[in-house]
Structures are given as C-alpha cells and as structure tokens.
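Engineer: Input final.txt, format and content: compact mmCIF, C-alpha atoms and all ligand atoms.
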# COMPACT_ATOMS: atom_id res chain seq x y z
CA MET C 1 94.71 -27.35 10.87
CA PRO C 2 97.93 -26.97 8.92
CA GLN C 3 99.64 -29.74 7.03
CA PHE C 4 103.08 -29.44 5.47
CA ASN C 5 104.93 -31.79 3.17
CA VAL C 6 108.55 -32.82 3.24
CA THR C 7 109.67 -33.94 -0.21
CA THR C 8 113.07 -35.55 -0.65
CA PRO C 9 114.53 -37.37 -3.67
CA GLN C 10 113.24 -40.70 -2.25
CA THR C 11 109.95 -39.82 -0.61
CA SER C 12 107.30 -37.30 0.34
CA TYR C 13 105.40 -37.27 3.62
CA PRO C 14 102.97 -35.11 5.57
CA VAL C 15 103.64 -33.28 8.81
CA LEU C 16 100.39 -32.43 10.57
CA VAL C 17 99.95 -29.87 13.32
CA GLU C 18 96.55 -30.75 14.70
CA ARG C 19 95.05 -30.96 18.17
CA GLY C 20 93.89 -34.53 18.81
CA VAL C 21 95.75 -35.97 15.80
CA ILE C 22 97.05 -38.90 17.90
CA ALA C 23 93.53 -40.37 17.70
CA ARG C 24 93.96 -40.56 13.90
CA VAL C 25 97.26 -42.45 13.80
CA ASN C 26 95.59 -45.48 12.22
CA ALA C 27 94.84 -43.47 9.06
CA PHE C 28 98.58 -42.96 8.47
CA LEU C 29 99.60 -46.61 8.61
CA PRO C 30 100.30 -48.19 5.22
CA ALA C 31 97.64 -50.33 3.52
CA LYS C 32 99.77 -53.46 3.92
CA CYS C 33 100.69 -53.04 7.56
CA GLY C 34 101.91 -55.91 9.73
CA LYS C 35 102.50 -55.75 13.45
CA VAL C 36 102.95 -52.23 14.83
CA PHE C 37 105.69 -51.52 17.40
CA ILE C 38 105.32 -48.44 19.57
CA VAL C 39 108.63 -47.15 20.92
CA THR C 40 108.03 -44.96 23.94
CA SER C 41 109.06 -44.30 27.53
CA ARG C 42 107.00 -45.26 30.57
CA ASP C 43 106.21 -41.65 31.56
CA VAL C 44 105.02 -40.75 28.04
CA TRP C 45 102.99 -43.97 27.89
CA GLN C 46 101.31 -43.13 31.18
CA LEU C 47 100.20 -39.79 29.77
CA HIS C 48 99.34 -40.68 26.18
CA GLY C 49 99.22 -44.49 25.96
CA THR C 50 95.44 -44.76 26.28
CA LYS C 51 94.93 -42.43 23.30
CA LEU C 52 97.33 -44.43 21.14
CA GLU C 53 95.84 -47.74 22.22
CA ALA C 54 92.35 -46.49 21.37
CA ALA C 55 93.61 -45.30 17.99
CA LEU C 56 95.07 -48.75 17.25
CA THR C 57 92.01 -50.78 18.26
CA GLY C 58 91.83 -53.91 16.10
CA ARG C 59 95.51 -53.69 15.10
CA ASP C 60 98.20 -56.15 16.17
CA TYR C 61 100.65 -54.04 18.17
CA ALA C 62 103.25 -54.23 20.93
CA VAL C 63 104.89 -51.57 23.10
CA LEU C 64 108.68 -51.34 23.41
CA PHE C 65 109.75 -49.32 26.41
CA PHE C 66 112.88 -47.23 26.41
CA ILE C 67 114.29 -46.13 29.79
CA GLY C 68 114.81 -42.58 28.57
CA GLY C 69 117.71 -40.17 29.02
CA GLU C 70 120.66 -39.14 26.91
CA ASP C 71 122.91 -41.71 28.67
CA ASN C 72 120.68 -44.51 27.41
CA LYS C 73 120.55 -43.33 23.80
CA ARG C 74 122.83 -46.22 22.89
CA LEU C 75 123.09 -48.97 20.33
CA ALA C 76 122.61 -51.58 23.06
CA HIS C 77 119.00 -50.39 23.51
CA VAL C 78 118.38 -50.42 19.77
CA GLU C 79 119.63 -54.00 19.66
CA ARG C 80 117.52 -54.99 22.66
CA MET C 81 114.37 -53.54 21.05
CA ALA C 82 115.22 -55.20 17.70
CA VAL C 83 115.46 -58.56 19.51
CA GLU C 84 112.09 -57.91 21.21
CA MET C 85 110.60 -57.10 17.81
CA SER C 86 111.90 -60.20 16.12
CA GLU C 87 110.77 -62.40 19.03
CA ALA C 88 107.32 -60.80 18.81
CA GLY C 89 107.01 -61.74 15.14
CA ALA C 90 108.07 -58.54 13.36
CA ASP C 91 108.64 -58.77 9.61
CA ARG C 92 109.19 -56.37 6.72
CA THR C 93 105.58 -55.19 6.87
CA SER C 94 105.97 -54.07 10.48
CA VAL C 95 105.84 -50.37 11.33
CA VAL C 96 107.40 -48.45 14.22
CA ILE C 97 105.56 -45.60 15.90
CA ALA C 98 108.02 -43.47 17.87
CA CYS C 99 106.03 -41.63 20.54
CA GLY C 100 107.99 -39.37 22.87
CA GLY C 101 110.65 -36.69 22.97
CA GLY C 102 113.65 -36.23 20.73
CA ILE C 103 115.62 -39.15 22.16
CA VAL C 104 112.76 -41.62 21.65
CA GLY C 105 112.24 -40.24 18.12
CA ASP C 106 115.92 -40.55 17.20
CA LEU C 107 116.32 -44.03 18.69
CA GLY C 108 112.95 -45.34 17.42
CA GLY C 109 113.71 -43.91 13.98
CA PHE C 110 117.13 -45.56 13.99
CA LEU C 111 115.60 -48.88 15.03
CA ALA C 112 113.20 -48.61 12.06
CA ALA C 113 116.04 -47.56 9.76
CA ILE C 114 118.07 -50.71 10.42
CA PHE C 115 115.50 -53.38 11.33
CA MET C 116 115.48 -55.83 8.37
CA ARG C 117 117.37 -53.08 6.49
CA GLY C 118 114.57 -50.59 7.00
CA ILE C 119 110.88 -50.52 7.87
CA PRO C 120 108.59 -47.47 8.06
CA VAL C 121 108.33 -45.21 11.10
CA ILE C 122 105.66 -42.71 12.11
CA GLN C 123 106.87 -39.96 14.41
CA VAL C 124 104.52 -38.80 17.18
CA PRO C 125 106.58 -36.21 19.08
CA THR C 126 105.39 -35.25 22.55
CA THR C 127 107.86 -32.53 23.54
CA LEU C 128 107.94 -29.08 21.98
CA LEU C 129 111.56 -29.53 20.93
CA ALA C 130 110.79 -32.78 19.14
CA GLN C 131 107.70 -31.29 17.50
CA VAL C 132 109.44 -28.27 16.02
CA ASP C 133 112.78 -29.84 15.24
CA ALA C 134 113.86 -33.42 15.93
CA ALA C 135 110.85 -35.32 14.56
CA VAL C 136 110.87 -33.58 11.17
CA GLY C 137 113.65 -34.27 8.70
CA GLY C 138 114.60 -37.92 9.12
CA LYS C 139 117.72 -37.62 11.29
CA THR C 140 117.94 -40.75 13.45
CA GLY C 141 120.74 -42.15 15.57
CA ALA C 142 122.37 -43.04 18.84
CA ASN C 143 125.28 -41.78 20.92
CA LEU C 144 128.75 -43.29 21.27
CA ILE C 145 130.87 -42.89 24.39
CA SER C 146 133.00 -40.57 22.28
CA GLY C 147 130.16 -38.25 21.29
CA LYS C 148 126.51 -37.51 20.66
CA ASN C 149 124.73 -38.86 17.56
CA LEU C 150 127.95 -40.24 16.10
CA ILE C 151 126.09 -43.19 14.58
CA GLY C 152 122.86 -42.91 12.72
CA SER C 153 121.08 -42.69 9.46
CA PHE C 154 118.72 -40.49 7.50
CA HIS C 155 115.40 -42.34 7.61
CA GLN C 156 112.45 -40.18 6.63
CA PRO C 157 109.19 -41.08 8.40
CA LEU C 158 105.88 -42.03 6.79
CA ALA C 159 104.26 -39.12 8.60
CA VAL C 160 104.86 -36.78 11.55
CA LEU C 161 101.81 -36.26 13.76
CA ILE C 162 102.10 -33.22 16.02
CA ASP C 163 99.44 -32.72 18.66
CA PRO C 164 100.07 -29.38 20.44
CA ALA C 165 97.55 -30.36 23.16
CA VAL C 166 100.03 -32.87 24.64
CA LEU C 167 102.28 -29.96 25.67
CA SER C 168 100.00 -29.07 28.57
CA THR C 169 101.62 -31.88 30.60
CA LEU C 170 105.19 -30.92 29.68
CA PRO C 171 107.33 -29.52 32.54
CA GLU C 172 107.83 -25.77 32.07
CA ARG C 173 111.59 -26.08 31.72
CA GLU C 174 111.21 -28.52 28.82
CA TYR C 175 108.60 -26.33 27.19
CA ARG C 176 111.02 -23.41 27.36
CA ALA C 177 113.81 -25.55 25.92
CA GLY C 178 111.61 -26.12 22.86
CA LEU C 179 110.81 -22.41 22.58
CA TYR C 180 114.50 -21.66 22.05
CA GLU C 181 114.47 -23.78 18.89
CA ILE C 182 111.46 -21.75 17.72
CA ILE C 183 113.35 -18.52 18.41
CA LYS C 184 116.13 -20.05 16.30
CA HIS C 185 113.71 -20.46 13.40
CA GLY C 186 112.67 -16.83 13.70
CA VAL C 187 116.25 -15.57 13.64
CA ILE C 188 117.44 -17.75 10.77
CA ALA C 189 114.59 -17.29 8.33
CA ASP C 190 111.30 -15.95 9.67
CA ALA C 191 111.33 -12.34 10.91
CA PRO C 192 107.51 -12.24 11.43
CA LEU C 193 107.81 -15.31 13.70
CA PHE C 194 110.56 -13.52 15.66
CA ASP C 195 108.36 -10.39 15.95
CA PHE C 196 105.47 -12.54 17.16
CA LEU C 197 107.62 -14.22 19.82
CA GLU C 198 108.93 -10.85 20.94
CA ALA C 199 105.42 -9.36 21.26
CA ASN C 200 103.48 -12.36 22.61
CA ARG C 201 105.65 -13.90 25.29
CA GLU C 202 102.81 -14.10 27.81
CA ASP C 203 100.42 -15.93 25.49
CA VAL C 204 103.18 -18.31 24.47
CA PHE C 205 103.99 -19.14 28.11
CA ALA C 206 100.30 -19.46 28.98
CA GLN C 207 99.99 -21.91 26.07
CA VAL C 208 97.14 -19.98 24.48
CA PRO C 209 96.23 -22.43 21.67
CA ASP C 210 96.29 -19.87 18.83
CA ALA C 211 99.75 -18.70 19.84
CA VAL C 212 101.22 -22.18 20.39
CA ASP C 213 99.73 -23.64 17.22
CA ARG C 214 100.99 -20.71 15.17
CA ILE C 215 104.60 -20.88 16.37
CA ILE C 216 104.70 -24.66 15.93
CA ALA C 217 103.19 -24.41 12.44
CA ASP C 218 105.64 -21.66 11.41
CA SER C 219 108.54 -23.78 12.65
CA VAL C 220 107.34 -26.91 10.90
CA ARG C 221 106.74 -25.02 7.64
CA LEU C 222 110.30 -23.72 7.75
CA LYS C 223 111.84 -27.06 8.69
CA ALA C 224 109.86 -28.85 5.96
CA GLU C 225 111.06 -26.33 3.36
CA VAL C 226 114.69 -26.55 4.45
CA VAL C 227 114.75 -30.37 4.54
CA SER C 228 112.96 -30.57 1.17
CA ASN C 229 115.73 -28.39 -0.27
CA ASP C 230 118.65 -30.15 1.36
CA GLU C 231 117.88 -33.47 3.02
CA LYS C 232 121.47 -34.50 3.77
CA GLU C 233 122.74 -31.15 5.09
CA SER C 234 125.15 -30.30 2.31
CA GLY C 235 124.00 -26.68 2.10
CA LEU C 236 120.85 -24.92 3.24
CA ARG C 237 120.07 -27.34 6.11
CA ARG C 238 123.18 -26.08 7.88
CA ILE C 239 121.31 -22.89 8.81
CA LEU C 240 119.37 -25.02 11.32
CA ASN C 241 122.63 -25.30 13.25
CA PHE C 242 122.45 -21.66 14.40
CA GLY C 243 123.49 -21.76 18.07
CA HIS C 244 124.47 -25.40 17.84
CA THR C 245 128.24 -25.12 17.33
CA PHE C 246 128.67 -23.11 20.53
CA GLY C 247 125.79 -24.99 22.20
CA HIS C 248 127.32 -28.43 21.60
CA ALA C 249 130.62 -27.19 23.08
CA LEU C 250 128.73 -26.12 26.21
CA GLU C 251 126.81 -29.41 26.48
CA SER C 252 129.96 -31.42 26.07
CA GLU C 253 131.93 -29.30 28.61
CA THR C 254 129.18 -29.82 31.19
CA ARG C 255 128.85 -33.56 30.35
CA TYR C 256 125.26 -33.16 29.15
CA SER C 257 124.13 -32.79 32.75
CA ARG C 258 123.63 -29.08 33.41
CA PHE C 259 121.77 -27.85 30.32
CA LEU C 260 118.91 -29.27 28.29
CA HIS C 261 119.74 -29.27 24.59
CA GLY C 262 117.45 -26.28 23.90
CA GLU C 263 119.06 -24.33 26.77
CA ALA C 264 122.53 -24.96 25.37
CA VAL C 265 121.28 -23.80 21.96
CA SER C 266 119.93 -20.64 23.59
CA TRP C 267 123.37 -19.92 25.02
CA GLY C 268 124.93 -20.82 21.68
CA MET C 269 122.66 -18.41 19.82
CA ARG C 270 123.73 -15.68 22.23
CA ALA C 271 127.41 -16.40 21.59
CA ALA C 272 126.84 -16.53 17.81
CA THR C 273 124.92 -13.26 17.92
CA LEU C 274 127.72 -11.58 19.89
CA LEU C 275 130.27 -12.93 17.43
CA ALA C 276 128.22 -11.65 14.49
CA ALA C 277 127.93 -8.22 16.11
CA ASP C 278 131.64 -8.08 17.06
CA THR C 279 132.74 -8.99 13.55
CA GLY C 280 130.46 -6.40 11.93
CA LEU C 281 128.01 -8.85 10.35
CA LEU C 282 125.05 -7.79 12.48
CA ASP C 283 124.03 -4.31 13.62
CA ALA C 284 123.91 -3.60 17.35
CA PRO C 285 120.10 -2.97 17.58
CA SER C 286 119.33 -6.35 15.93
CA ALA C 287 121.83 -8.09 18.21
CA ALA C 288 120.17 -6.44 21.21
CA ARG C 289 116.74 -7.62 20.04
CA ILE C 290 117.96 -11.22 19.71
CA THR C 291 119.62 -11.28 23.12
CA GLY C 292 116.55 -9.48 24.56
CA VAL C 293 114.23 -12.24 23.32
CA LEU C 294 116.61 -14.92 24.60
CA ASN C 295 116.57 -13.21 28.01
CA SER C 296 112.80 -12.88 28.06
CA TYR C 297 112.33 -16.60 27.34
CA GLY C 298 114.95 -17.51 29.95
CA PRO C 299 116.62 -18.07 32.23
CA ILE C 300 118.88 -20.95 31.41
CA PRO C 301 120.96 -22.61 34.17
CA SER C 302 123.94 -20.56 35.34
CA THR C 303 127.20 -20.76 33.39
CA THR C 304 129.26 -20.04 36.53
CA GLY C 305 132.54 -21.94 36.66
CA ILE C 306 132.66 -22.81 32.95
CA ASP C 307 136.00 -22.11 31.34
CA ALA C 308 135.99 -20.13 28.07
CA GLY C 309 139.23 -21.75 26.86
CA ALA C 310 137.86 -25.25 27.37
CA LEU C 311 134.73 -24.32 25.44
CA GLN C 312 136.81 -22.94 22.59
CA ASN C 313 138.80 -26.22 22.41
CA ASN C 314 135.54 -28.16 22.32
CA LEU C 315 134.50 -26.33 19.16
CA LEU C 316 137.15 -28.32 17.27
CA LYS C 317 135.53 -31.58 18.38
CA ASP C 318 132.12 -30.64 16.96
CA LYS C 319 130.75 -33.19 14.49
CA LYS C 320 130.34 -30.39 11.96
CA THR C 321 133.95 -29.24 12.21
CA ILE C 322 135.67 -30.35 9.01
CA GLN C 323 139.48 -30.44 8.77
CA LYS C 324 139.75 -28.18 11.83
CA GLN C 325 137.54 -25.52 10.20
CA VAL C 326 134.80 -24.59 12.64
CA HIS C 327 131.61 -23.51 10.87
CA PHE C 328 129.47 -20.86 12.50
CA VAL C 329 125.96 -19.92 11.48
CA LEU C 330 125.82 -16.18 12.13
CA PRO C 331 122.88 -13.77 11.83
CA THR C 332 123.25 -10.87 9.41
CA ALA C 333 119.76 -9.51 10.19
CA ILE C 334 116.71 -10.88 11.97
CA GLY C 335 115.50 -13.52 9.52
CA THR C 336 118.79 -14.05 7.67
CA VAL C 337 121.97 -15.94 8.49
CA THR C 338 125.25 -16.77 6.81
CA VAL C 339 127.51 -19.81 7.31
CA GLN C 340 131.08 -18.73 8.05
CA SER C 341 134.27 -20.66 8.61
CA GLY C 342 137.50 -19.20 9.88
CA ALA C 343 136.16 -16.57 12.30
CA PRO C 344 139.08 -14.86 14.12
CA GLU C 345 139.98 -16.87 17.24
CA GLY C 346 140.15 -13.74 19.39
CA ALA C 347 136.62 -12.70 18.41
CA VAL C 348 135.36 -16.23 19.08
CA ARG C 349 136.98 -16.21 22.54
CA GLU C 350 135.48 -12.82 23.30
CA ALA C 351 132.00 -13.90 22.24
CA ILE C 352 132.27 -17.01 24.45
CA GLN C 353 133.47 -14.95 27.40
CA LYS C 354 130.70 -12.36 27.06
CA ALA C 355 128.00 -15.01 26.65
CA LEU C 356 129.29 -16.84 29.75
CA VAL C 357 129.21 -13.64 31.79
CA ASP C 358 125.69 -12.78 30.53
CA CYS C 359 124.36 -16.10 31.82
CA GLN C 360 126.06 -16.34 35.21
N1 LIG I 1 118.21 -30.32 14.11
C1 LIG I 1 118.79 -29.88 12.91
C2 LIG I 1 118.40 -30.65 11.70
O1 LIG I 1 117.47 -31.42 11.74
O2 LIG I 1 119.05 -30.54 10.70
Transcribe the structure of this file into structure tokens.
Structural biologist:
Amino acid sequence: MPQFNVTTPQTSYPVLVERGVIARVNAFLPAKCGKVFIVTSRDVWQLHGTKLEAALTGRDYAVLFFIGGEDNKRLAHVERMAVEMSEAGADRTSVVIACGGGIVGDLGGFLAAIFMRGIPVIQVPTTLLAQVDAAVGGKTGANLISGKNLIGSFHQPLAVLIDPAVLSTLPEREYRAGLYEIIKHGVIADAPLFDFLEANREDVFAQVPDAVDRIIADSVRLKAEVVSNDEKESGLRRILNFGHTFGHALESETRYSRFLHGEAVSWGMRAATLLAADTGLLDAPSAARITGVLNSYGPIPSTTGIDAGALQNNLLKDKKTIQKQVHFVLPTAIGTVTVQSGAPEGAVREAIQKALVDCQ
C-alpha cells in the first residue's frame, strides 16, 4: 500500500494509505513515549474505538472526548482537554492521537501544538475530507466568534495513518463532501486523476476499493508534494485554495449551517471556473468538463435565496485577502491553475450570480 513523505525544514513524516492501518498505530509512537491521549468524538469512538484500544494494548492511554461540530471548535475545548491531560499525568513525553474528522484533527493537533509548548501528534483521519486534505500538512487551529480558524499553528504530525476501510460507515453526504476536495486536486495539478473521476463515478460512489484507494493515494501524493515545497503557504500551497475563496464566502453567508465545507468548495470551484472562463483564462470545453464533473458528483444543497452582493462583500473578509486584494486560484487548463489578484469586480459578480443560479 502506498506511503508518501512530507518533508519540511523541521521534520519529515510518513503518510500511509493502507486498509487496516489503525491496528498498527503502536508502531508509529516514538520510542520514548509517555501517556497517550486519544482525542476523538463519541460517534467516531463507537465505530473505531475498539480497533484503537486493541492497537494500544499494554500502553498507558486515556480518551478525551470532543463534542464535535464547527460551533464547538473553540479554544475553551482545547483548554478543557489540556486540563484533563495535565490532571491525568501528561508530561512532555505524552503523545496525542487525533482520531476523527477534520475538526477533531485540527483541534487535537492544536492541543498537541500548545500543550507544554508542543508534544507530538499522530493523525488518524476518519472522514474522506480529513484523509485527503485536513490531516496532511500540519495546519491546526480553532475558530473565533469573528471567523473560522483565526487562531492556530502549523504543527506537523509524527505520522498520518489513513485507513480507507473506515469510509464504509461514513454518511453518503460526507463522503461526497470529501470527493469534491479530490476533484479539486485533479483540477489544480493532476489531469489523470480528473479523467479517472470523470470516467469512474459509479465505482467511486460504490466505494470499490481499487478506485477509492487510488483517488485517496493520488490526493495524498499531491498534498505531500505541495506541503513539502511550501509548508507555510507563501507560494505553491496557495493552489490548494482553489474553490475556497468563493466557498468560504458562501459558508460565512449561510452561517456554516447549510453547506458542508466540501460542498461550499464545490460551489466555489464552479464560481472560480466560470470566472476563469469569462476572463479568457480557461477554454469553454475545459470549463464545461469541470462543471460537468461537479454536477455528476452532486448535488449540493440549494443556493436559493443567497444574495450575490452579500457574497461578493464576504470575499473581502476572507483570511487570505491581503490589503483588500482578493486572491483567486483559477484554472487555466485541467491540471493547471494560476493565482490571480485584482479580477474585475463585474466578472466576479457575474461568476457568483451564474454559480448561484446553477445550484438553485
Ligand atoms: N486545506 C488547504 C491546506 O492544507 O493548505
């Protein structure tokens, strides 16, 4: 089964895509390992806890439960878990295992990043979105009332253990939300992956192991390469934000309640593709292929009632907007993107309007 390495100036770590890898978690703990703290949610623990417990037989470990949900991705929960850790005897040799979706991974990673100024974390992502995106690359953090992920830290894990078999229990809507991030990888840098997704939709939805393992592995390979080139997102890593500038505006306008993150990214990729086509960066047949694949992996919840002007204003509040310059990642072909600032406001408005109408 494939293994990829992320190498940053400070560290290098493996990302494994392997059915059953959860049973091998013990092998990835450091030689001098104190008490292990598993950060998870009760529903994930119910599904996968026995496997982790069996893997940690003979180890001193405790489970820290997180309630789950974007609303709870807050510093207060990080503090509460840090107190639980210190009361349970954690020290600098302790290790966190973050087992769950993207929120658990981000919060558990952040807890590890700041506990006693930093202890190791192993990421065991259990949603498709976390497996192909959030768990790889060391971004950790929590939300503020004023915005998502406004506090956090880069804290690269010791290892990322991806078990595609756990996806069989994932609700279909969440599975689809992860597939949109894989489509993103195809559009930004991997035309053969895009072609595969276009031609093999049925196998992907039926979770045929060869198909699922391949698209996860392709995504992880790409993410590992990008992060190894640009850990702190000063250049190349920005391409991973394709669909995110528009997508974040949609999530924020709908108060994070109507769309899953992957669904908002799907809509955002549509708007970015329309903008690229309208401004002459992308030819019409390629744009049609991208929107065609987005449609075939849909639908996303309806955009009815969402105001284009409000969305356009939200773009200015995006974390990646610098000095009022909105940065868009726009496709120039399938498998290539460019980062552009200063797109004409009229073209941006038109792309938003068309994308809203497409998804009503
Ligand atoms: N999710 C985008 C990144 O990790 O940079």
Engineer: Counting all atoms listed in the file, what residues are within 8 Å of ligand LIG 1 (chain I), given as an MDAnalysis selection string?
Structural biologist: chainID C and resid 133:134 136:139 223 227 233 237:238 240:241
Engineer: Just want the 10 Å neighbourhood of C:Ser252, counted on all atoms listed in the file, with same-chain residues fewer than 5 positions away dropped. Output as a short mmCIF file (atom, residue, chain, number, x, y, z; two decimals) with C-alpha atoms, keeping the file's coordinate frame.
Structural biologist:
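Wrote it out as out-v2.cif, contents follow:
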data_model
loop_
_atom_site.label_atom_id
_atom_site.label_comp_id
_atom_site.auth_asym_id
_atom_site.auth_seq_id
_atom_site.Cartn_x
_atom_site.Cartn_y
_atom_site.Cartn_z
CA GLY C 147 130.16 -38.25 21.29
CA LYS C 148 126.51 -37.51 20.66
CA GLY C 247 125.79 -24.99 22.20
CA SER C 257 124.13 -32.79 32.75
CA ARG C 258 123.63 -29.08 33.41
CA PHE C 259 121.77 -27.85 30.32
CA ALA C 264 122.53 -24.96 25.37
CA LEU C 311 134.73 -24.32 25.44
CA ASN C 314 135.54 -28.16 22.32
CA LEU C 315 134.50 -26.33 19.16
CA LYS C 317 135.53 -31.58 18.38
CA ASP C 318 132.12 -30.64 16.96
#
Engineer: Select all residues near (102.9, -40.1, 15.3) (cut-off 7 Å, inclusive, file coordinates), counting all atoms listed in the file, and output them as a list in words.
Structural biologist: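 With a cut-off of 7 Å, the residues come to Ile22, Val25, Ile97, Ala98, Cys99, Ile122, Gln123, Val124, Pro125, Ala159, Val160, Leu161 and Ile162 of chain C.
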Engineer: Select, counting only C-alpha atoms, all protein, DNA and RNA residues no farther than 12 Å from (99.2, -52.3, 5.5) in file coordinates, and express the selection as a PyMOL selection string.
Structural biologist: chain C and resi 26-36+59-60+92-95+120
Engineer: Figure out the distance between atom CA of C:Ala347 and atom CA of C:Arg176, please, to one decimal in Å.
Structural biologist: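 Interatomic distance, atom CA of C:Arg176 to atom CA of C:Ala347: 29.2 Å.
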